[in-house]
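Asks: Contents of protein_27.pdb (PDB, C-alpha atoms):
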```pdb
MODEL        1
ATOM      1  CA  MET A  54      91.794 106.204  83.959
ATOM      2  CA  ILE A  55      89.473 108.407  85.959
ATOM      3  CA  ILE A  56      87.179 107.098  88.689
ATOM      4  CA  ASP A  57      84.327 109.238  89.999
ATOM      5  CA  ASN A  58      80.591 109.464  90.591
ATOM      6  CA  ILE A  59      78.105 110.539  87.918
ATOM      7  CA  LYS A  60      77.125 113.577  90.029
ATOM      8  CA  ASN A  61      80.598 114.994  89.267
ATOM      9  CA  CYS A  62      80.681 114.233  85.548
ATOM     10  CA  GLU A  63      80.491 117.861  84.365
ATOM     11  CA  LYS A  64      84.084 118.475  85.432
ATOM     12  CA  TYR A  65      85.230 116.042  82.689
ATOM     13  CA  TYR A  66      83.286 117.584  79.788
ATOM     14  CA  SER A  67      86.302 119.630  78.670
ATOM     15  CA  LEU A  68      88.526 116.550  78.208
ATOM     16  CA  HIS A  69      86.901 115.639  74.885
ATOM     17  CA  PRO A  70      84.350 117.458  72.687
ATOM     18  CA  SER A  71      81.928 114.502  72.901
ATOM     19  CA  PHE A  72      82.148 113.765  76.626
ATOM     20  CA  ALA A  73      79.252 116.099  77.475
ATOM     21  CA  ALA A  74      76.915 114.261  75.089
ATOM     22  CA  ALA A  75      78.076 110.866  76.367
ATOM     23  CA  PHE A  76      77.603 111.786  80.021
ATOM     24  CA  GLU A  77      74.227 113.409  79.353
ATOM     25  CA  GLN A  78      73.024 110.137  77.810
ATOM     26  CA  LEU A  79      74.454 108.131  80.712
ATOM     27  CA  LYS A  80      72.553 110.342  83.183
ATOM     28  CA  LYS A  81      69.298 109.390  81.392
ATOM     29  CA  MET A  82      69.942 105.665  81.830
ATOM     30  CA  THR A  83      68.391 103.681  84.682
ATOM     31  CA  ALA A  84      68.811 100.121  85.893
ATOM     32  CA  GLU A  85      65.514  99.411  84.117
ATOM     33  CA  SER A  86      66.684 100.740  80.716
ATOM     34  CA  GLU A  87      66.321  98.175  77.945
ATOM     35  CA  PRO A  88      69.537  96.333  77.113
ATOM     36  CA  GLY A  89      71.047  97.299  73.772
ATOM     37  CA  ARG A  90      72.670 100.153  71.923
ATOM     38  CA  TYR A  91      71.590 103.779  72.371
ATOM     39  CA  THR A  92      72.917 105.996  69.588
ATOM     40  CA  VAL A  93      73.962 109.509  70.605
ATOM     41  CA  ASP A  94      76.022 110.588  67.567
ATOM     42  CA  GLY A  95      76.226 107.743  65.050
ATOM     43  CA  ASP A  96      79.359 105.677  65.540
ATOM     44  CA  SER A  97      81.116 108.584  67.273
ATOM     45  CA  VAL A  98      79.192 108.342  70.555
ATOM     46  CA  PHE A  99      76.889 105.550  71.678
ATOM     47  CA  VAL A 100      75.938 103.723  74.849
ATOM     48  CA  ASN A 101      75.643  99.966  75.339
ATOM     49  CA  MET A 102      73.277  98.982  78.140
ATOM     50  CA  ALA A 103      73.538  95.554  79.781
ATOM     51  CA  ALA A 104      72.290  93.636  82.807
ATOM     52  CA  TYR A 105      74.226  90.547  83.882
ATOM     53  CA  THR A 106      75.681  88.565  86.733
ATOM     54  CA  THR A 107      79.287  89.400  87.512
ATOM     55  CA  LYS A 108      81.878  86.648  87.047
ATOM     56  CA  THR A 109      84.584  85.249  89.243
ATOM     57  CA  HIS A 110      88.104  86.563  88.726
ATOM     58  CA  ASP A 111      89.255  83.399  86.917
ATOM     59  CA  ALA A 112      86.419  83.677  84.376
ATOM     60  CA  CYS A 113      87.446  87.170  83.256
ATOM     61  CA  LYS A 114      90.043  88.460  80.820
ATOM     62  CA  TYR A 115      91.476  91.812  79.879
ATOM     63  CA  GLU A 116      90.293  93.776  76.868
ATOM     64  CA  ASN A 117      91.524  96.931  75.192
ATOM     65  CA  HIS A 118      90.319  99.396  72.565
ATOM     66  CA  LYS A 119      92.277 101.736  70.307
ATOM     67  CA  LYS A 120      89.581 103.914  68.713
ATOM     68  CA  TYR A 121      87.221 104.505  71.644
ATOM     69  CA  VAL A 122      87.283 105.732  75.220
ATOM     70  CA  ASP A 123      85.004 103.719  77.521
ATOM     71  CA  ILE A 124      82.919 105.369  80.217
ATOM     72  CA  GLN A 125      81.708 102.410  82.274
ATOM     73  CA  TYR A 126      78.849 103.483  84.557
ATOM     74  CA  VAL A 127      77.278 101.144  87.119
ATOM     75  CA  LEU A 128      73.554 101.747  87.611
ATOM     76  CA  SER A 129      72.844  99.006  90.145
ATOM     77  CA  GLY A 130      74.890  96.437  91.994
ATOM     78  CA  ALA A 131      78.659  96.459  92.389
ATOM     79  CA  GLU A 132      81.395  95.423  89.986
ATOM     80  CA  ARG A 133      85.160  95.147  90.213
ATOM     81  CA  ILE A 134      87.255  96.267  87.261
ATOM     82  CA  ASP A 135      90.970  95.526  87.048
ATOM     83  CA  LEU A 136      93.180  97.777  84.936
ATOM     84  CA  ILE A 137      96.719  97.519  83.570
ATOM     85  CA  ASP A 138      98.757  99.053  80.743
ATOM     86  CA  ALA A 139      98.016  96.999  77.626
ATOM     87  CA  ASP A 140     101.683  96.916  76.645
ATOM     88  CA  LYS A 141     102.371  94.772  79.743
ATOM     89  CA  LEU A 142     100.096  91.994  78.462
ATOM     90  CA  THR A 143     100.169  89.331  75.773
ATOM     91  CA  VAL A 144      97.376  89.444  73.194
ATOM     92  CA  THR A 145      95.343  86.228  73.038
ATOM     93  CA  GLU A 146      92.744  87.466  70.513
ATOM     94  CA  ASP A 147      93.347  90.438  68.207
ATOM     95  CA  LYS A 148      90.059  91.824  66.844
ATOM     96  CA  TYR A 149      91.146  95.436  66.447
ATOM     97  CA  ALA A 150      90.483  95.416  62.698
ATOM     98  CA  ASP A 151      86.976  93.967  63.024
ATOM     99  CA  GLY A 152      85.673  95.498  66.218
ATOM    100  CA  ASP A 153      88.212  97.730  67.965
ATOM    101  CA  ILE A 154      88.910  95.143  70.631
ATOM    102  CA  ALA A 155      91.674  92.788  71.644
ATOM    103  CA  PHE A 156      91.672  90.298  74.487
ATOM    104  CA  PHE A 157      94.549  89.428  76.792
ATOM    105  CA  ALA A 158      95.313  86.715  79.311
ATOM    106  CA  LEU A 159      94.485  87.481  82.905
ATOM    107  CA  SER A 160      97.373  89.006  84.835
ATOM    108  CA  PRO A 161      97.764  90.748  88.194
ATOM    109  CA  ALA A 162      96.191  94.201  88.028
ATOM    110  CA  GLN A 163      98.077  97.460  88.425
ATOM    111  CA  THR A 164      94.844  99.005  89.678
ATOM    112  CA  SER A 165      91.622  97.447  90.877
ATOM    113  CA  VAL A 166      88.451  99.426  91.511
ATOM    114  CA  THR A 167      85.008  98.440  92.748
ATOM    115  CA  LEU A 168      82.240 100.540  91.264
ATOM    116  CA  GLN A 169      78.983 100.931  93.187
ATOM    117  CA  ALA A 170      75.734 102.281  91.765
ATOM    118  CA  GLY A 171      76.385 105.825  90.529
ATOM    119  CA  ASP A 172      80.125 105.350  89.983
ATOM    120  CA  PHE A 173      81.923 105.429  86.640
ATOM    121  CA  VAL A 174      85.393 104.802  85.321
ATOM    122  CA  LEU A 175      86.798 106.532  82.251
ATOM    123  CA  ILE A 176      89.122 104.123  80.430
ATOM    124  CA  PHE A 177      91.406 105.417  77.708
ATOM    125  CA  PRO A 178      93.043 103.461  74.860
ATOM    126  CA  ASP A 179      96.031 101.422  75.941
ATOM    127  CA  GLU A 180      94.473 100.934  79.388
ATOM    128  CA  ALA A 181      93.503  97.282  79.334
ATOM    129  CA  HIS A 182      90.584  96.474  81.596
ATOM    130  CA  SER A 183      88.906  93.368  82.944
ATOM    131  CA  PRO A 184      85.267  94.335  83.573
ATOM    132  CA  CYS A 185      82.235  92.390  84.818
ATOM    133  CA  MET A 186      84.201  90.977  87.743
ATOM    134  CA  ALA A 187      82.500  89.951  90.967
ATOM    135  CA  ASP A 188      83.376  92.097  93.955
ATOM    136  CA  ASN A 189      85.099  89.871  96.544
ATOM    137  CA  ASN A 190      84.714  87.043  93.995
ATOM    138  CA  VAL A 191      80.988  86.696  94.857
ATOM    139  CA  PRO A 192      78.835  86.963  91.683
ATOM    140  CA  SER A 193      75.926  89.401  91.825
ATOM    141  CA  ALA A 194      73.463  91.176  89.543
ATOM    142  CA  VAL A 195      74.638  94.395  87.876
ATOM    143  CA  ALA A 196      73.097  96.887  85.472
ATOM    144  CA  LYS A 197      75.716  98.905  83.613
ATOM    145  CA  ALA A 198      75.827 101.408  80.770
ATOM    146  CA  VAL A 199      79.039 101.801  78.778
ATOM    147  CA  ALA A 200      79.450 104.938  76.700
ATOM    148  CA  LYS A 201      81.847 104.578  73.769
ATOM    149  CA  VAL A 202      83.420 107.861  72.622
ATOM    150  CA  ARG A 203      85.434 107.781  69.411
ATOM    151  CA  LEU A 204      88.800 109.520  69.504
TER     152      LEU A 204
ENDMDL
END
```
Can the structure from this file be put into structure tokens for me?

Replies:
Amino acid sequence: MIIDNIKNCEKYYSLHPSFAAAFEQLKKMTAESEPGRYTVDGDSVFVNMAAYTTKTHDACKYENHKKYVDIQYVLSGAERIDLIDADKLTVTEDKYADGDIAFFALSPAQTSVTLQAGDFVLIFPDEAHSPCMADNNVPSAVAKAVAKVRL
């Protein structure tokens, strides 16, 4: 996991050959961007844009991916994301074969981060994360773009 602000994203381009393209697309996104999928490089790099109201802690669950790195970038609002090693959790829904995702029961986080507008978190496979969580358990409006970069 890496937490930073989009203004510093260039220093992470060398971590993966497709990170530059993913971050360049994220920098084009605004809170007013239409929700949906933005293709950068087929199924290798794409961005999902969403606007929603964050949820209380009890309404969230952990998820994990094996084929993709997530770059979760908050464009407006604030969102808490809890993170923990996936191997410390019990799978409640295994959808790896169909959609590169599994869900896990909520558990105390190893790390918790609140992202403000302009912040991103890079989440690697085996780092389970519980996104869309209300900061201080008070739901609020958020616009977020999530780049998916295939390993």

Asks: Counting only C-alpha atoms, find the residues whose atoms lie at most 12 Å from (91.5, 91.0, 78.7) (file coordinates) and write them out as a PyMOL selection string.

Replies: chain A and resi 110-118+134-148+154-162+179-186

Asks: Between CA of Ser71 (chain A) and CA of Gly130 (chain A), what is the distance, to one decimal in Å?

Replies: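 A separation of 27.2 Å between them.
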
Asks: Which one is closest to Thr109 (chain A): A:Lys60, A:Ala75, A:Glu132, A:Pro88? Count all atoms listed in the file.

Replies: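 Ranking A:Lys60, A:Ala75, A:Glu132, A:Pro88 by distance to Thr109 (chain A), first place goes to A:Glu132.
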
Asks: If we count all atoms listed in the file and set the cut-off at 6 Å, which residues sit around region 95-108 of chain A, ignoring sequence neighbours fewer than 6 positions away in its own chain? Please answer as number ranges by chain.

Replies: A: 88-89, 185-187, 192-203

Asks: Going by the chain IDs and residue numbers used in this file, which residues fall under the PyMOL selection byres ((chain A and resi 78) around 9)? Write them as a ChimeraX atom specification.

Replies: /A:73-77,79-82,91,93,99-100,200

Asks: Could you check how far CA of Asp57 (chain A) sits from CA of Leu128 (chain A), in Å to one decimal?

Replies: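 Straight-line distance from CA of Asp57 (chain A) to CA of Leu128 (chain A) works out to 13.3 Å.
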
Asks: Separation of CA of Leu68 (chain A) and CA of Glu87 (chain A), in Å?

Replies: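 These atoms are spaced 28.8 Å apart.
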
Asks: Kindly indicate which residue among A:Ile176, A:Ala84, A:Ile55, A:Ala170 lies nearest to Lys120 (chain A), using all atoms listed in the file for the distances.

Replies: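 So, comparing all the options, the nearest one is A:Ile176.
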
Asks: Have a look at A:Ser86, A:Gln125, A:Ser67, A:Asn61 and name the one nearest to Phe173 (chain A); count only C-alpha atoms.

Replies: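 That would be A:Gln125, the residue with the smallest distance to Phe173 (chain A).
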
Asks: Given only C-alpha atoms as the basis, pick out the residue of A:Lys119, A:Phe177, A:Asp172, A:Lys64 nearest to Tyr149 (chain A).

Replies: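 Answer, going by the shortest atom-to-atom distance: A:Lys119.
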